[in-house]
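One file, target-v2.tsv, carrying TSV, C-alpha atoms:
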chain	number	residue	atom	x	y	z
A	1	MET	CA	89.64	73.09	104.51
A	2	SER	CA	87.51	75.88	105.89
A	3	ALA	CA	88.55	79.34	106.97
A	4	PRO	CA	89.68	79.69	110.58
A	5	LEU	CA	86.85	80.20	113.04
A	6	ARG	CA	86.86	83.60	114.66
A	7	ASN	CA	84.77	84.89	117.53
A	8	THR	CA	85.02	88.41	116.17
A	9	LYS	CA	82.09	90.63	115.30
A	10	VAL	CA	81.84	92.03	111.79
A	11	MET	CA	82.10	95.80	112.29
A	12	ASN	CA	82.13	98.83	110.00
A	13	ARG	CA	85.18	100.74	108.78
A	14	THR	CA	83.60	104.20	108.96
A	15	ASP	CA	82.45	103.61	112.52
A	16	LEU	CA	85.80	102.21	113.68
A	17	THR	CA	87.73	105.03	112.02
A	18	CYS	CA	85.57	107.60	113.81
A	19	ARG	CA	86.13	105.75	117.09
A	20	LEU	CA	89.91	105.83	116.51
A	21	VAL	CA	90.07	109.50	115.54
A	22	GLY	CA	87.87	110.41	118.49
A	23	ARG	CA	90.48	109.03	120.87
A	24	LEU	CA	93.41	111.00	119.39
A	25	THR	CA	94.10	114.01	121.59
A	26	HIS	CA	97.88	114.45	121.37
A	27	GLY	CA	98.49	115.17	117.68
A	28	GLU	CA	98.95	111.53	116.78
A	29	ALA	CA	99.82	110.99	113.11
A	30	VAL	CA	97.53	108.76	111.03
A	31	ILE	CA	98.42	107.30	107.62
A	32	GLY	CA	95.32	106.24	105.69
A	33	GLY	CA	95.90	103.52	103.09
A	34	ILE	CA	94.74	103.73	99.50
A	35	GLY	CA	91.03	103.75	98.68
A	36	ASN	CA	88.24	103.24	101.18
A	37	THR	CA	90.61	103.36	104.13
A	38	ASN	CA	91.60	106.96	103.53
A	39	PHE	CA	88.11	107.93	102.29
A	40	ASP	CA	86.82	107.02	105.74
A	41	LEU	CA	89.75	108.77	107.42
A	42	TRP	CA	88.89	111.88	105.40
A	43	ALA	CA	85.23	111.55	106.42
A	44	ALA	CA	86.18	111.17	110.09
A	45	GLY	CA	87.55	114.73	110.15
A	46	GLN	CA	90.42	116.31	108.25
A	47	ARG	CA	93.11	116.56	110.87
A	48	PRO	CA	96.41	118.10	109.70
A	49	GLN	CA	98.19	115.08	111.21
A	50	ASN	CA	96.43	112.79	108.69
A	51	PHE	CA	98.15	111.62	105.51
A	52	TYR	CA	95.89	110.33	102.75
A	53	MET	CA	97.43	107.95	100.22
A	54	LEU	CA	96.33	108.36	96.61
A	55	GLY	CA	98.44	105.56	95.14
A	56	SER	CA	101.30	103.23	96.05
A	57	MET	CA	99.01	100.48	97.35
A	58	GLY	CA	100.43	98.69	100.37
A	59	LEU	CA	102.66	101.44	101.72
A	60	ALA	CA	100.59	102.77	104.63
A	61	CYS	CA	102.65	100.78	107.13
A	62	PRO	CA	106.06	101.71	105.66
A	63	ILE	CA	105.09	105.40	105.47
A	64	ALA	CA	103.91	105.26	109.09
A	65	LEU	CA	107.17	103.55	110.06
A	66	GLY	CA	109.11	106.39	108.45
A	67	VAL	CA	107.13	109.00	110.36
A	68	ALA	CA	107.64	107.02	113.58
A	69	LEU	CA	111.41	106.87	113.01
A	70	ALA	CA	111.53	110.60	112.29
A	71	GLN	CA	109.47	111.66	115.30
A	72	PRO	CA	109.87	109.18	118.18
A	73	PRO	CA	107.86	111.27	120.68
A	74	ARG	CA	104.76	111.21	118.43
A	75	ARG	CA	102.39	108.22	118.23
A	76	VAL	CA	101.78	107.07	114.68
A	77	PHE	CA	98.92	104.93	113.36
A	78	ALA	CA	98.72	103.20	109.99
A	79	ILE	CA	95.23	102.22	108.84
A	80	GLU	CA	95.46	99.63	106.10
A	81	GLY	CA	93.11	97.29	104.27
A	82	ASP	CA	93.78	93.57	104.25
A	83	GLY	CA	94.25	93.51	100.47
A	84	SER	CA	96.74	96.36	100.66
A	85	LEU	CA	98.69	94.73	103.47
A	86	LEU	CA	98.93	91.54	101.40
A	87	MET	CA	100.92	93.50	98.81
A	88	GLN	CA	103.60	94.39	101.35
A	89	LEU	CA	103.59	91.69	104.04
A	90	GLY	CA	107.38	91.91	104.28
A	91	CYS	CA	107.06	95.30	105.97
A	92	LEU	CA	105.74	93.55	109.07
A	93	THR	CA	109.11	91.87	109.49
A	94	THR	CA	110.92	95.21	109.18
A	95	ILE	CA	108.61	96.78	111.75
A	96	ALA	CA	109.11	93.86	114.13
A	97	THR	CA	112.89	94.11	113.76
A	98	LEU	CA	113.11	97.87	114.26
A	99	ALA	CA	110.38	97.70	116.93
A	100	PRO	CA	109.43	101.39	117.02
A	101	SER	CA	107.66	101.96	120.34
A	102	ASN	CA	105.42	104.69	118.87
A	103	LEU	CA	103.87	102.75	115.96
A	104	ALA	CA	100.51	101.00	115.78
A	105	ILE	CA	98.89	99.33	112.76
A	106	ILE	CA	95.15	98.93	112.28
A	107	VAL	CA	94.05	96.44	109.64
A	108	MET	CA	90.51	96.68	108.28
A	109	ASP	CA	89.84	93.13	107.10
A	110	ASN	CA	86.83	92.41	104.89
A	111	GLY	CA	88.50	89.70	102.82
A	112	ILE	CA	87.67	91.48	99.57
A	113	TYR	CA	88.90	94.15	97.21
A	114	GLN	CA	85.78	96.20	97.91
A	115	ILE	CA	86.61	99.16	95.73
A	116	THR	CA	87.27	97.17	92.55
A	117	GLY	CA	84.09	95.10	92.67
A	118	CYS	CA	84.24	93.08	95.88
A	119	GLN	CA	86.45	90.31	94.50
A	120	PRO	CA	87.74	88.02	97.27
A	121	THR	CA	91.41	88.38	98.20
A	122	PRO	CA	93.63	85.29	97.98
A	123	ALA	CA	93.89	85.33	101.81
A	124	ARG	CA	90.68	83.44	102.55
A	125	GLN	CA	92.61	80.85	104.57
A	126	ALA	CA	94.93	83.35	106.25
A	127	ASP	CA	94.83	85.04	109.65
A	128	ILE	CA	96.31	88.56	109.62
A	129	VAL	CA	96.99	88.54	113.36
A	130	ALA	CA	98.78	85.19	113.17
A	131	ILE	CA	100.84	86.51	110.23
A	132	ALA	CA	101.82	89.64	112.16
A	133	ALA	CA	102.69	87.65	115.28
A	134	GLY	CA	104.68	85.25	113.13
A	135	CYS	CA	106.58	88.20	111.68
A	136	GLY	CA	107.56	89.16	115.21
A	137	ILE	CA	104.96	91.76	116.21
A	138	ALA	CA	104.03	90.07	119.48
A	139	ALA	CA	101.33	92.58	120.39
A	140	SER	CA	98.94	91.60	117.57
A	141	HIS	CA	95.26	91.25	118.37
A	142	TRP	CA	91.84	90.79	116.82
A	143	ALA	CA	89.28	93.31	118.06
A	144	VAL	CA	86.29	91.27	119.21
A	145	ASP	CA	83.79	94.13	118.97
A	146	GLU	CA	83.66	97.92	118.97
A	147	GLU	CA	84.26	98.19	122.70
A	148	ASP	CA	87.26	95.89	122.43
A	149	PHE	CA	88.57	97.94	119.50
A	150	GLU	CA	88.49	101.09	121.63
A	151	ARG	CA	90.20	99.26	124.47
A	152	LEU	CA	92.98	98.09	122.13
A	153	VAL	CA	93.42	101.62	120.73
A	154	ASP	CA	93.79	102.87	124.31
A	155	VAL	CA	96.45	100.21	124.89
A	156	ALA	CA	98.26	101.36	121.73
A	157	LEU	CA	98.14	104.96	122.98
A	158	ALA	CA	99.41	104.12	126.45
A	159	THR	CA	101.97	101.35	126.06
A	160	PRO	CA	105.12	100.94	123.97
A	161	GLY	CA	104.60	99.35	120.56
A	162	PRO	CA	104.76	98.20	117.94
A	163	MET	CA	101.22	96.88	117.99
A	164	LEU	CA	98.79	95.55	115.40
A	165	ILE	CA	95.01	95.61	115.76
A	166	ALA	CA	92.91	93.76	113.21
A	167	ALA	CA	89.17	94.23	112.82
A	168	ARG	CA	86.75	92.27	110.68
A	169	ILE	CA	84.62	94.72	108.75
A	170	ASP	CA	81.66	94.57	106.40
A	171	ASP	CA	81.65	95.17	102.64
A	172	ARG	CA	80.40	98.76	102.74
A	173	PRO	CA	82.38	101.38	100.77
A	174	GLY	CA	84.00	104.40	102.39
A	175	VAL	CA	81.80	107.44	102.90
A	176	GLY	CA	84.19	110.33	102.15
A	177	ALA	CA	85.91	111.58	99.02
A	178	THR	CA	89.51	112.57	99.59
A	179	LYS	CA	90.59	115.63	97.60
A	180	ARG	CA	93.10	114.38	95.00
A	181	ASP	CA	95.86	116.90	95.54
A	182	PRO	CA	98.97	114.99	96.64
A	183	ALA	CA	101.26	118.01	96.99
A	184	GLN	CA	98.73	119.85	99.16
A	185	ILE	CA	98.06	116.72	101.24
A	186	ARG	CA	101.81	116.25	101.81
A	187	GLU	CA	102.39	119.91	102.68
A	188	ARG	CA	99.48	120.06	105.12
A	189	PHE	CA	100.70	116.86	106.77
A	190	MET	CA	104.19	118.30	107.21
A	191	GLN	CA	102.66	121.39	108.79
A	192	GLY	CA	100.60	119.15	111.04
A	193	LEU	CA	103.78	117.40	112.15
A	194	GLY	CA	105.50	120.71	112.87
A	195	VAL	CA	108.06	120.23	110.09
A	196	ARG	CA	106.83	123.14	107.96
A	197	GLN	CA	105.17	126.48	108.61
A	198	PRO	CA	102.55	127.94	106.22
A	199	ILE	CA	104.07	130.52	103.87
B	1	MET	CA	143.54	86.45	81.07
B	2	ALA	CA	141.86	86.56	84.46
B	3	ALA	CA	144.78	88.31	86.12
B	4	ASP	CA	144.79	91.05	83.51
B	5	ALA	CA	141.05	91.54	83.92
B	6	ASP	CA	141.46	91.96	87.67
B	7	ALA	CA	144.29	94.44	87.23
B	8	ALA	CA	142.08	96.57	85.00
B	9	ARG	CA	139.06	96.14	87.18
B	10	SER	CA	138.10	99.73	87.76
B	11	PRO	CA	139.43	103.12	86.70
B	12	GLY	CA	137.61	104.47	89.79
B	13	ILE	CA	139.95	102.73	92.21
B	14	SER	CA	143.05	104.76	93.01
B	15	PRO	CA	145.59	104.26	95.82
B	16	ASP	CA	145.76	108.03	96.37
B	17	LEU	CA	142.05	108.72	96.88
B	18	PRO	CA	139.45	107.42	99.34
B	19	HIS	CA	137.29	104.54	98.21
B	20	TRP	CA	134.00	105.45	96.52
B	21	HIS	CA	131.99	104.15	99.48
B	22	GLU	CA	133.95	106.31	101.93
B	23	ILE	CA	133.16	109.39	99.84
B	24	VAL	CA	129.46	108.50	99.63
B	25	GLN	CA	129.24	107.88	103.38
B	26	ALA	CA	131.01	111.13	104.29
B	27	THR	CA	128.85	113.14	101.89
B	28	LEU	CA	125.63	111.65	103.28
B	29	LYS	CA	126.79	112.55	106.77
B	30	ARG	CA	127.74	116.09	105.85
B	31	ASN	CA	124.24	116.58	104.39
B	32	GLU	CA	122.50	115.11	107.47
B	33	VAL	CA	121.16	112.14	105.54
B	34	ASN	CA	121.05	109.58	108.33
B	35	LEU	CA	118.24	107.07	107.59
B	36	VAL	CA	119.48	104.51	105.07
B	37	PRO	CA	117.32	101.46	104.29
B	38	TYR	CA	118.65	99.08	101.68
B	39	VAL	CA	118.10	95.89	99.76
B	40	PRO	CA	121.65	94.57	99.61
B	41	ASP	CA	123.93	94.11	96.64
B	42	ARG	CA	127.45	92.69	96.53
B	43	VAL	CA	128.95	95.95	95.25
B	44	LEU	CA	127.22	97.95	98.01
B	45	THR	CA	128.59	95.71	100.78
B	46	PRO	CA	131.47	98.00	101.91
B	47	LEU	CA	129.14	101.01	102.00
B	48	ILE	CA	126.54	99.08	103.99
B	49	ALA	CA	129.23	97.89	106.42
B	50	GLY	CA	130.51	101.44	106.86
B	51	LEU	CA	127.03	102.77	107.57
B	52	HIS	CA	126.36	100.05	110.14
B	53	ALA	CA	129.67	100.88	111.86
B	54	ASP	CA	128.77	104.57	112.30
B	55	PRO	CA	126.09	105.30	114.94
B	56	PHE	CA	125.22	108.51	113.08
B	57	PHE	CA	123.30	106.33	110.63
B	58	THR	CA	120.17	104.25	111.13
B	59	THR	CA	120.60	101.63	108.46
B	60	PHE	CA	118.66	98.42	107.95
B	61	ALA	CA	117.47	95.96	105.32
B	62	THR	CA	113.92	96.06	103.99
B	63	ALA	CA	112.07	93.21	102.30
B	64	ARG	CA	111.48	95.22	99.13
B	65	GLU	CA	112.77	98.45	97.63
B	66	GLU	CA	109.22	99.82	97.41
B	67	GLU	CA	108.86	99.41	101.15
B	68	ALA	CA	112.02	101.46	101.69
B	69	VAL	CA	110.63	104.23	99.49
B	70	GLY	CA	107.53	104.37	101.70
B	71	ILE	CA	109.70	104.55	104.81
B	72	LEU	CA	111.78	107.38	103.37
B	73	ALA	CA	108.69	109.30	102.23
B	74	GLY	CA	107.27	109.09	105.74
B	75	ALA	CA	110.58	110.05	107.30
B	76	TRP	CA	110.93	113.08	105.01
B	77	MET	CA	107.45	114.28	105.92
B	78	GLY	CA	108.41	113.83	109.58
B	79	GLY	CA	111.53	115.94	109.11
B	80	ARG	CA	114.24	113.31	108.67
B	81	ARG	CA	116.47	112.84	105.63
B	82	GLY	CA	117.33	109.46	104.19
B	83	ALA	CA	118.59	107.60	101.16
B	84	LEU	CA	117.86	104.20	99.59
B	85	LEU	CA	120.53	101.75	98.47
B	86	MET	CA	119.63	99.08	95.91
B	87	GLN	CA	120.60	97.24	92.74
B	88	THR	CA	119.38	97.90	89.21
B	89	SER	CA	116.83	95.06	89.45
B	90	GLY	CA	115.44	96.67	92.61
B	91	PHE	CA	114.94	99.98	90.86
B	92	ALA	CA	112.93	98.11	88.23
B	93	THR	CA	110.27	97.39	90.87
B	94	LEU	CA	109.68	101.09	91.66
B	95	ALA	CA	107.79	102.62	88.71
B	96	ASN	CA	104.44	102.58	90.51
B	97	VAL	CA	105.61	104.14	93.78
B	98	LEU	CA	107.67	106.78	91.99
B	99	ALA	CA	104.76	107.77	89.75
B	100	SER	CA	102.01	107.58	92.36
B	101	LEU	CA	103.72	108.80	95.54
B	102	VAL	CA	107.19	110.28	95.18
B	103	VAL	CA	106.84	112.52	92.12
B	104	PRO	CA	103.29	113.87	92.65
B	105	SER	CA	103.86	114.40	96.37
B	106	GLN	CA	107.18	116.18	95.72
B	107	ILE	CA	109.26	113.92	97.93
B	108	PRO	CA	113.04	114.50	97.59
B	109	LEU	CA	113.83	110.79	97.50
B	110	ILE	CA	117.57	110.10	97.22
B	111	MET	CA	118.38	106.77	95.58
B	112	PHE	CA	121.72	105.06	95.03
B	113	VAL	CA	121.58	102.33	92.40
B	114	SER	CA	124.41	99.83	92.06
B	115	GLU	CA	124.41	99.28	88.33
B	116	ARG	CA	124.26	95.70	87.14
B	117	GLY	CA	123.68	94.65	83.56
B	118	THR	CA	126.44	96.47	81.74
B	119	LEU	CA	130.24	96.57	81.32
B	120	GLY	CA	130.85	92.89	81.80
B	121	GLU	CA	127.48	91.53	82.87
B	122	PHE	CA	127.27	87.73	82.80
B	123	ASN	CA	123.52	87.30	83.50
B	124	VAL	CA	121.25	88.05	80.55
B	125	GLY	CA	118.33	88.89	82.87
B	126	GLN	CA	120.40	91.58	84.55
B	127	SER	CA	121.44	93.07	81.22
B	128	LEU	CA	117.80	93.29	80.11
B	129	VAL	CA	116.45	94.79	83.33
B	130	CYS	CA	119.22	97.40	83.25
B	131	ARG	CA	117.81	98.71	79.96
B	132	THR	CA	114.54	99.59	81.66
B	133	MET	CA	116.09	101.90	84.26
B	134	ARG	CA	116.92	105.09	82.38
B	135	PRO	CA	113.74	105.03	80.24
B	136	VAL	CA	111.67	104.91	83.45
B	137	LEU	CA	113.65	107.76	84.98
B	138	ASP	CA	113.31	109.79	81.78
B	139	ALA	CA	109.58	109.01	81.44
B	140	LEU	CA	109.03	110.61	84.85
B	141	ALA	CA	111.47	113.44	84.06
B	142	MET	CA	113.50	112.49	87.11
B	143	GLU	CA	117.00	113.80	87.72
B	144	HIS	CA	119.63	111.08	87.42
B	145	HIS	CA	123.38	110.88	87.14
B	146	THR	CA	125.64	107.98	86.30
B	147	MET	CA	128.77	108.26	88.41
B	148	THR	CA	131.87	106.86	86.72
B	149	ARG	CA	134.77	108.87	88.18
B	150	LEU	CA	136.12	109.04	91.70
B	151	ASP	CA	137.21	112.67	91.34
B	152	GLU	CA	133.66	113.75	90.43
B	153	LEU	CA	131.82	111.61	92.96
B	154	GLU	CA	131.67	113.95	95.94
B	155	PHE	CA	130.57	116.89	93.79
B	156	ILE	CA	127.76	114.92	92.16
B	157	VAL	CA	126.48	113.36	95.38
B	158	ASP	CA	126.71	116.56	97.43
B	159	ARG	CA	125.09	118.81	94.81
B	160	SER	CA	122.40	116.24	94.01
B	161	ILE	CA	121.33	115.90	97.63
B	162	LYS	CA	121.15	119.66	98.00
B	163	GLN	CA	119.20	120.04	94.76
B	164	ALA	CA	116.74	117.29	95.69
B	165	VAL	CA	115.95	118.98	99.00
B	166	ALA	CA	115.83	122.50	97.56
B	167	THR	CA	113.58	121.57	94.64
B	168	GLN	CA	111.56	118.86	96.45
B	169	ALA	CA	112.31	116.40	93.67
B	170	PRO	CA	113.75	112.87	93.67
B	171	VAL	CA	117.15	111.92	92.28
B	172	ALA	CA	118.74	108.63	91.22
B	173	LEU	CA	122.50	108.33	91.59
B	174	ILE	CA	123.73	105.38	89.53
B	175	LEU	CA	126.98	103.78	90.67
B	176	SER	CA	128.64	102.61	87.44
B	177	PRO	CA	131.01	99.62	87.34
B	178	LEU	CA	133.54	102.18	86.09
B	179	LEU	CA	133.44	103.64	89.62
B	180	THR	CA	132.92	100.56	91.78
B	181	GLY	CA	134.47	97.75	89.77
B	182	GLY	CA	131.05	96.17	89.49
B	183	LYS	CA	130.38	92.47	89.91
B	184	VAL	CA	132.48	90.13	87.82
B	185	PHE	CA	131.82	86.52	86.88
B	186	ALA	CA	133.38	84.27	89.48
Let me see whether you can do it: turn the structure in this file into structure tokens.
Amino acid sequence: MSAPLRNTKVMNRTDLTCRLVGRLTHGEAVIGGIGNTNFDLWAAGQRPQNFYMLGSMGLACPIALGVALAQPPRRVFAIEGDGSLLMQLGCLTTIATLAPSNLAIIVMDNGIYQITGCQPTPARQADIVAIAAGCGIAASHWAVDEEDFERLVDVALATPGPMLIAARIDDRPGVGATKRDPAQIRERFMQGLGVRQPI
Amino acid sequence: MAADADAARSPGISPDLPHWHEIVQATLKRNEVNLVPYVPDRVLTPLIAGLHADPFFTTFATAREEEAVGILAGAWMGGRRGALLMQTSGFATLANVLASLVVPSQIPLIMFVSERGTLGEFNVGQSLVCRTMRPVLDALAMEHHTMTRLDELEFIVDRSIKQAVATQAPVALILSPLLTGGKVFA
């Protein structure tokens, strides 16, 4: 049995992350998953509304859900790798059930654990969008190309969610290097969300 | 004798005092802890039912305990307080997220653990997993209390929530069978 045929272009994580961040003009929160995902988020510009994960693989979507539940007026994006999402697929069912209107998930799917040596994930025969739709997130879409990705991000910004956008990406590593200071990252994020003031 | 065992089920149950779950619920509310994800447990059932019945709380099941920790970390950073309800075996799945997210990021995660595996456990797997809980908490130098008495419950829960928030540090509140009656072999 071969992998499902897809008419989607293979894009680049760094480029897509920059395209996403460039469209955020209302203090939207972004949770960057472990590894390359948050390295590219860091490289795309260090917004105070960005949270960079340094561990706890698979929790970008749950953390984003928590932010969305705490601040319903604010749009929240999770950026997660396909391997990371595989570790916590159950969270898609929780998100579908709670149906937060301000939450969007972006999955960067290269089918490999790039950062550990490009080993293939066990999901070669799986379709992330079909999984998400099957979990109950009806607005789940593959981005066909960069222009379509931007269009889908605009939909996520303008219409009630939850929504999932998946993009096929190449095997290039992230280009940034997130500063490994979890307490400072958390504090700056809380300031960016208006929860804390600098002392 | 089965009847005698039932009669002596729990020193924490008294006709003159509220039930343990009523005290926990009221103390959460008083401390503005209103987001309560859980992975269910038989002993926790009356607390879960009480939370669902009160619109003050947003309470829901998650697929895994680790997922709930992520949700609560995000909610805390967004300015909302919450607590996680789970069983001992659920806590045993959390070492990675506690060590790599909660403790280094200084998240005041509030956890309630329904203690299985002791004081009448009938499943050997539960009794073994229970022995991993306190060593993990101690290895991470995390605050934890085992709650056995109804008359101390409100004090421990109330003070622990306040300390977690004030010191930006997690806490595990272990609900002993001495308090809840635990789960008995049916």
- Message: Within 10 Å of chain A, which residues belong to chain B? Use all atoms listed in the file and report them as a ChimeraX atom specification.
- Response: /B:35,58,60-64,66-82,94-107
- Interatomic distance, CA of Asn36 (chain A) to CA of Ala139 (chain A) (Å, one decimal): 25.6 Å
- Item | Residue list as a ChimeraX atom specification for point (80.9, 113.3, 101.5), cut-off 12 Å, all atoms listed in the file | /A:39-45,174-179
- Item | Closest of B:Glu143, B:Leu175, B:Val129, B:Arg116 to Arg159 (chain B) - atom-to-atom distances counting only C-alpha atoms |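 Using only C-alpha atoms, the shortest distance to Arg159 (chain B) belongs to B:Glu143.
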- Task: Record the distance separating CA of Leu157 (chain A) and CA of Glu80 (chain A), expressed in Å with one decimal.
- Result: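 That distance, rounded to one decimal, is 17.9 Å.
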- Message: Using all atoms listed in the file, list the residues that have an atom at most 7 Å from (85.2, 92.3, 104.8), coordinates as in the file, as a list in words.
- Response: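 The residues near that point, listed by chain and number, are Asp109, Asn110, Gly111, Ile112, Arg168, Ile169, Asp170 and Asp171 of chain A.
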- Query: Any idea what's packed within 10 Å of Ala141 (chain B), counting only C-alpha atoms, ignoring anything in its chain fewer than 4 positions away? Could you give it as a list in words?
  - Reply: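 With the cut-off at 10 Å, the set is Val103, Pro135, Val136, Leu137 and Pro170 of chain B.
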- Query: Which residues, written as an MDAnalysis selection string, have at least one atom at most 7 Å from Gly81 (chain A), with only C-alpha atoms counted and residues fewer than 4 positions away on the same chain left out?
  - Reply: chainID A and resid 33 37 85 107:109
- Query: Residues at most 12 Å from Thr118 (chain B), counting all atoms listed in the file, excluding those fewer than 5 positions away in the same chain, as a ChimeraX atom specification?
  - Reply: /B:88,123-131,133,175-178,181-184
- Message: To one decimal place in Å, what is the distance between CA of Ala172 (chain B) and CA of Gly90 (chain B)?
- Response: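 About the pair CA of Ala172 (chain B) and CA of Gly90 (chain B): they are 12.5 Å apart.
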12 Å contact set for Leu173 (chain B), only C-alpha atoms, chain neighbours under 5 positions out, as a CSV table (one decimal) with C-alpha atoms, in the frame of the given file:
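Saved as part-v3.csv:
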chain,number,residue,atom,x,y,z
B,24,VAL,CA,129.5,108.5,99.6
B,83,ALA,CA,118.6,107.6,101.2
B,84,LEU,CA,117.9,104.2,99.6
B,85,LEU,CA,120.5,101.8,98.5
B,86,MET,CA,119.6,99.1,95.9
B,87,GLN,CA,120.6,97.2,92.7
B,88,THR,CA,119.4,97.9,89.2
B,91,PHE,CA,114.9,100.0,90.9
B,109,LEU,CA,113.8,110.8,97.5
B,110,ILE,CA,117.6,110.1,97.2
B,111,MET,CA,118.4,106.8,95.6
B,112,PHE,CA,121.7,105.1,95.0
B,113,VAL,CA,121.6,102.3,92.4
B,114,SER,CA,124.4,99.8,92.1
B,115,GLU,CA,124.4,99.3,88.3
B,133,MET,CA,116.1,101.9,84.3
B,134,ARG,CA,116.9,105.1,82.4
B,137,LEU,CA,113.6,107.8,85.0
B,142,MET,CA,113.5,112.5,87.1
B,143,GLU,CA,117.0,113.8,87.7
B,144,HIS,CA,119.6,111.1,87.4
B,145,HIS,CA,123.4,110.9,87.1
B,146,THR,CA,125.6,108.0,86.3
B,147,MET,CA,128.8,108.3,88.4
B,148,THR,CA,131.9,106.9,86.7
B,153,LEU,CA,131.8,111.6,93.0
B,154,GLU,CA,131.7,114.0,95.9
B,155,PHE,CA,130.6,116.9,93.8
B,156,ILE,CA,127.8,114.9,92.2
B,157,VAL,CA,126.5,113.4,95.4
B,158,ASP,CA,126.7,116.6,97.4
B,159,ARG,CA,125.1,118.8,94.8
B,160,SER,CA,122.4,116.2,94.0
B,161,ILE,CA,121.3,115.9,97.6
B,164,ALA,CA,116.7,117.3,95.7
- Query: From the list A:Tyr52, A:Gln197, A:Arg6, A:Arg75, which residue is nearest Val155 (chain A) when using all atoms listed in the file?
  - Reply: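 Checking each candidate against Val155 (chain A), we get A:Arg75 as the closest.
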